[in-house]
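To start, the structure under review is shown below, and the notes come after it.
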Amino acid sequence: MRKKLITLIAATLLLVPTAMRADEGMWIPMLLGRNQAAMQKAGMHITAQDIYDVNNASLKDAVLLFGSGCTGEFVSQEGLLLTNHHCGYSYIVRHSTVEHDYLTNGFWAMNRSEEIPCPGLTVTRLVRMEDVTRQVLEGVTDQTSEQDRETIVEKNIQAVCAKAVEGTHYKAIVKPFYYGNQYFMYVNEVFTDVRLVGAPPSNIGKFGGDTDNWMWPRHTGDFSMFRVYVGKDNKPAAYSKDNVPYRPLKHLEISLKGVDEGDFTFVFGYPGTTRRYVTHDYVDMAANQTNPVRIALRTIRLDHYNAAMRRSAGQRLKYASRVASIANGWKKWQGETLGIERLHGVEQKIAQEEQFRKWAADKPEYRDVLDQMEDNYAKMREVELEWTYFSEAVLASDFMRRTIELRGIASRGDDGRVEKMLNDSRKYFEDFEEHSPVDKAIFIECFTYMWERGFAPYMNLKHTTASEVEATLEKIYDKSALNNPKKLEKLLGMKREKMIHAIAKDPAVELFAQAYDYCYSDKKRQQYNTADDNIQRLMRTYIRGMMEQYPDSNFFPDANLTLRVAYGHVEGFRPKDATYYTAYSTIDGIMEKENPDVYDYRVEPRLKELWQKKDYGHYANKKGELPVAFIATNHTTGGNSGSPVLNADGQLVGINFDRCWEGTMSDLLFDPAYCRNISLDIRYCLFIIDKYAGARHLVDEMTLIDN
Ligand code: ARG
Ligand code: GLU
């Protein structure tokens with residue numbers, strides 16, 4: 001049966017197993033010349049040089065790494081920047097209180113003095129990139145051991161970077177590509193004074209919430225605005241009230257024409273991680289081991305937080321951010337697993353590997369690589385399960401996470417730690433009565449879940465029934481100083497020796513230590529790290545082999561949070577039998593979803609009013625509809641949030657913010673029939689700023705093209 005299936009897939013999909021499918025790929029801007037012909041054939045009117053040029057201002061100067069995991073883009077000559085609402089989220093939350101709830105009500109700076117500084121937030125512009133493979137690998141030979149290789153590479157990278165930024169205010173980093181077959185250096189300019197300018201209320205910016213997250217049709221106005229400030233010399237500077245708006249080399253023009261089904265688009269941004277070339281073992285581990293455990297444990301957490309959020313506005317604000325991030329992975333992994341199953345991902349990979357084995361049979365360099373890979377994955381897999389439990393169950397509660405701080409005081413000395421813990425705890429206890437039952441339930445259920453799956457012998461939870469285990473856990477929770485302000489003050493007030501002793505005996509610390517020592521014993525850590533190192537090294541050989549095997553294929557390097565271009569077409573898709581999704585959504589869909597009883601589907605009265613009057617300004621499409629979002633075949637991943645989506649002329653038409661659930665396996669396996677990125681239509685964004693918020697002055701800063 002299995003064999004038949006493999007032959008079938010091989011015959012239909014895998015004529016050239018590793019060839020890129022149409023629209024797949026995240027390409028290196030500096031090497032985009034290689035894609036230019038294909039991009040122009042697909043409809044692009046501009047050149048690769050318009051996108052990336054070291055000698056002249058080009059589109060890349062308008063595209064930024066926002067914080068450490070999103071993308072943003074300049075849309076005005078005065079440093080105004082667009083990104084997603086969910087990328088600016090933590091800054092919006094940070095400035096929100098129950099009285100000034102910007103998260104719920106939105107925030108619009110009506111003049112520059114109202115823009116809010118966001119300490120800690122940085123924005124990074126790529127100045128130039130360079131292939132530094134030769135310099136980085138200088139001194140490495142075929143005989144060099146893996147460990148020595150690492151040392152040499154590290155040393156070379158430092159030297160290359162230091163030289164590149166000498167006498168400038170730039171920062172350089174080097175990143176490996178194709179598992180270290182190639183290295184590129186990125187010379188960056190990092191801006192440190194970034195201010196919040198605007199954000200829609202959450203029932204626009206997060207409309208649909210976690211219910212609609214990862215889904216199409218979508219109606220989320222997922223954008224927020226910031227401004228970059230610099231010193232008077234237009235160079236990055238720490239926050240100062242004397243700083244002035246940055247004048248970018250390039251800002252994006254905005255097209256009001258919109259896009260139609262079939263139109264060329266490209267996404268320019270910072271995709272984080274993909275694993276396009278991994279072997280079947282990884283795909284199997286993700287779909288059948290890691291994802292199911294993570295999903296089950298996160299369901300426990302989400303159930304408790306969601307219930308609490310329904311109880312009070314205070315709790316809603318408190319948990320909003322963490323729920324968004326827990327739910328995000330939770331839902332994505334469900335889609336990923338389904339996608340892998342639908343595509344027979346494991347079998348597909350096995351079929352590709354068979355081809356490779358045949359090809360490699362007479363090549364000593366490559367012959368054993370896949371066998372060795374399997375051995376190493378088997379070792380990794382054993383430990384990986386425990387590490388997943390540790391991060392998703394042991395660390396699920398605040399209670400257990402706070403033991404880490406306590407242990408730190410005992411093991412690493414004071415150094416301000418006691419003071420910090422006392423301060424943090426005072427804050428923690430402020431709403432303890434409300435929060436504690438939630439945290440306690442999460443703690444107990446997650447540990448019980450592990451106990452039920454065989455963790456008993458390692459955690460001193462040697463009971464026979466779940467209810468006995470629960471009772472023990474409850475005792476641990478209630479007796480620990482971490483849940484008792486008086487006890488904690490007393491503990492942290494003790495003399496050092498006595499305190500260390502008392503901390504070690506706290507039941508929470510004891511439990512945590514047992515779980516930690518079990519999951520992260522030296523032996524396990526070594527087993528995992530050795531397997532992981534070996535896999536990285538084997539991947540380097542494997543991918544080099546595949547490139548030799550298919551010399552005519554253009555292999556895109558896996559995403560690694562460096563600037564990339566993905567291109568494709570606006571296109572609907574068929575998610576399931578008898579269902580076709582068209583490529584764009586409109587404000588009418590918001591009103592279809594409206595439900596005052598469901599938090600995620602509340603509609604702002606003012607938005608409804610504009611809709612009733614069809615007061616869309618010049619942001620409507622030719623049919624008179626107000627478009628909200630659209631989907632396309634651009635290959636994107638986490639980190640591409642906030643990325644500009646550009647049309648054939650390189651003008652901004654949308655802001656990328658998500659992928660369709662049915663295609664979330666695209667980090668591992670791309671399928672043009674299902675993989676779609678989701679973008680906010682720029683016209684909806686402008687409509688909200690201008691018509692809804694009355695912040696016309698912000699739109700006036702931008703360059704709108706209306707023909
Ligand atoms: N799925 C999108 C991404 O991966 C949006 C996440 C934030 N939104 C949310 N409802 N949790 O970033
Ligand atoms: N929302 C994602 C992000 O934060 C983008 C969606 C994806 O993973 O493609 O980058």
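Naming scheme: A, B, ... for chains in displayed order of the structure tokens; residues 1 onward per chain; ligands 1 onward as shown.
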Inset, instruction - For ligand 1, list the contacting residues at 10 Å or closer, counting only C-alpha atoms and all ligand atoms, as a VMD selection string. - result: chain A and resid 69 to 70 84 to 87 89 205 to 215 220 222 320 to 332 600 637 to 642 656 to 661 664 678
Inset, instruction - Please report, as a list in words, each residue of range 536-647 of chain A to which DSSP assigns strand (DSSP E or B) when run on this structure's backbone. - result: Arg564, Val565, Ala566, Tyr567, Gly568, His569, Val570, Phe573, Arg574, Pro575, Lys576, Thr579, Tyr580, Tyr581, Tyr584, Ser585, Thr586, Pro627, Val628, Ala629, Phe630, Ile631, Ala632, Pro644, Val645 and Leu646 of chain A
Inset, instruction - Give me, please, the distance in Å between CA of Met225 in chain A and CA of Leu81 in chain A, quoted to one decimal. - result: 5.6 Å
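Between CA of Arg540 in chain A and CA of Gln289 in chain A there is a distance of 24.9 Å.
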Legend entry - Closest of A:Thr83, A:Gln527, A:Gln36, A:Ser312 to ligand 2 - atom-to-atom distances counting only C-alpha atoms and all ligand atoms: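 Closest to ligand 2 of all the choices is A:Thr83.
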Legend entry - Contacts of Gln158 in chain A at 10 Å (only C-alpha atoms; same-chain gap of 6+ positions) as a PyMOL selection string: chain A and resi 136+164+172-174
Legend entry - Distance query Asp700 in chain A at most 12 Å, only C-alpha atoms, self and fewer than 2 positions along chain excluded, as a PyMOL selection string: chain A and resi 75-78+80+254+686+689-690+694-698+702-704
Output for the residues just chosen: N, CA, C and O atoms as a short mmCIF file (atom, residue, chain, number, x, y, z; two decimals), in the first residue's frame:
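As a result, out_14.cif now contains:
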data_model
loop_
_atom_site.label_atom_id
_atom_site.label_comp_id
_atom_site.auth_asym_id
_atom_site.auth_seq_id
_atom_site.Cartn_x
_atom_site.Cartn_y
_atom_site.Cartn_z
N VAL A 75 6.70 54.79 4.35
CA VAL A 75 5.71 55.28 3.40
C VAL A 75 5.67 56.80 3.33
O VAL A 75 4.74 57.36 2.76
N SER A 76 6.68 57.46 3.93
CA SER A 76 6.72 58.91 3.74
C SER A 76 8.16 59.38 3.84
O SER A 76 9.04 58.66 4.33
N GLN A 77 8.38 60.58 3.39
CA GLN A 77 9.71 61.17 3.46
C GLN A 77 10.04 61.60 4.88
O GLN A 77 11.11 62.11 5.14
N GLU A 78 9.11 61.39 5.80
CA GLU A 78 9.36 61.80 7.18
C GLU A 78 9.36 60.62 8.14
O GLU A 78 8.90 60.72 9.27
N LEU A 80 7.74 57.89 8.32
CA LEU A 80 6.52 57.20 8.74
C LEU A 80 6.58 55.76 8.24
O LEU A 80 6.95 55.51 7.09
N ILE A 254 2.32 54.49 -3.01
CA ILE A 254 1.15 53.65 -2.75
C ILE A 254 0.20 53.71 -3.94
O ILE A 254 -0.17 54.79 -4.39
N LEU A 686 -5.79 52.84 4.39
CA LEU A 686 -5.91 54.29 4.21
C LEU A 686 -7.30 54.79 4.60
O LEU A 686 -7.46 55.86 5.19
N ILE A 689 -7.43 55.09 8.35
CA ILE A 689 -6.67 56.25 8.84
C ILE A 689 -7.42 57.55 8.53
O ILE A 689 -7.61 58.41 9.39
N ASP A 690 -7.88 57.63 7.31
CA ASP A 690 -8.46 58.88 6.81
C ASP A 690 -9.93 59.03 7.20
O ASP A 690 -10.30 59.92 7.98
N GLY A 694 -10.03 59.98 11.00
CA GLY A 694 -9.87 61.41 10.76
C GLY A 694 -8.43 61.86 10.90
O GLY A 694 -8.16 62.99 11.30
N ALA A 695 -7.50 60.97 10.59
CA ALA A 695 -6.08 61.34 10.68
C ALA A 695 -5.53 61.58 9.28
O ALA A 695 -4.49 61.07 8.89
N ARG A 696 -6.24 62.39 8.56
CA ARG A 696 -5.92 62.71 7.17
C ARG A 696 -4.46 63.19 7.02
O ARG A 696 -3.82 62.93 6.01
N HIS A 697 -3.99 63.91 8.06
CA HIS A 697 -2.62 64.45 7.96
C HIS A 697 -1.59 63.35 7.71
O HIS A 697 -0.56 63.58 7.11
N LEU A 698 -1.88 62.12 8.16
CA LEU A 698 -0.94 61.03 7.96
C LEU A 698 -0.97 60.55 6.51
O LEU A 698 0.06 60.26 5.91
N MET A 702 1.90 60.72 2.63
CA MET A 702 2.25 59.59 1.76
C MET A 702 2.17 60.00 0.30
O MET A 702 1.63 61.03 -0.05
N THR A 703 2.74 59.14 -0.55
CA THR A 703 2.69 59.40 -1.98
C THR A 703 1.69 58.45 -2.63
O THR A 703 1.96 57.27 -2.80
N LEU A 704 0.50 58.98 -2.93
CA LEU A 704 -0.54 58.11 -3.49
C LEU A 704 -0.55 58.23 -5.01
O LEU A 704 -0.47 59.33 -5.56
#
Inset, instruction - Have a look at A:Ala441, A:Glu662, A:Tyr170, A:Asn291 and name the one nearest to Tyr581 in chain A; count only C-alpha atoms. - result: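 Smallest distance to Tyr581 in chain A is found for A:Glu662.
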Legend entry - 8 Å contact set for Gly663 in chain A, only C-alpha atoms, chain neighbours under 3 positions out, as number ranges by chain: A: 335-336, 339, 659-660, 666, 670-671, 674-676
Inset, instruction - Determine which residues of range 148-291 of chain A DSSP labels as helix (DSSP H, G or I) from the backbone of this structure, then write them out as a ChimeraX atom specification. - result: /A:148-165,178-180,202-205,209-212,280-291
Inset, instruction - Please provide as a VMD selection string all residues within 8 Å of Val283 in chain A, with the sequence filter that same-chain residues fewer than 5 positions apart are discarded (counting only C-alpha atoms). - result: chain A and resid 278 340 345 to 346 668
If you keep C-alpha atoms, can you produce a file of those selected residues as a compact mmCIF listing (two decimals), in the first residue's frame?
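File result.txt, as written:
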# COMPACT_ATOMS: atom_id res chain seq x y z
CA VAL A 278 14.78 18.50 5.64
CA ILE A 340 1.52 17.39 5.72
CA GLY A 345 4.54 14.78 3.14
CA VAL A 346 6.46 11.98 4.79
CA LEU A 668 8.29 22.43 4.93
Legend entry - CA of Leu473 in chain A to CA of Cys519 in chain A, straight-line distance in Å: 18.9 Å
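Minimum distance to Thr192 in chain A across A:Ala648, A:Val267, A:Ala237, A:Ile152 (counting only C-alpha atoms) occurs at A:Ala237.
Considering the residues A:Tyr428, A:Phe556, A:Phe66, A:Tyr567 and counting only C-alpha atoms and all ligand atoms, ligand 2 has its shortest atom-to-atom contact with A:Phe66.
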Legend entry - For Pro364 in chain A: contacts at 12 Å, only C-alpha atoms, fewer than 6 positions along chain excluded, given as an MDAnalysis selection string: chainID A and resid 357 541 545
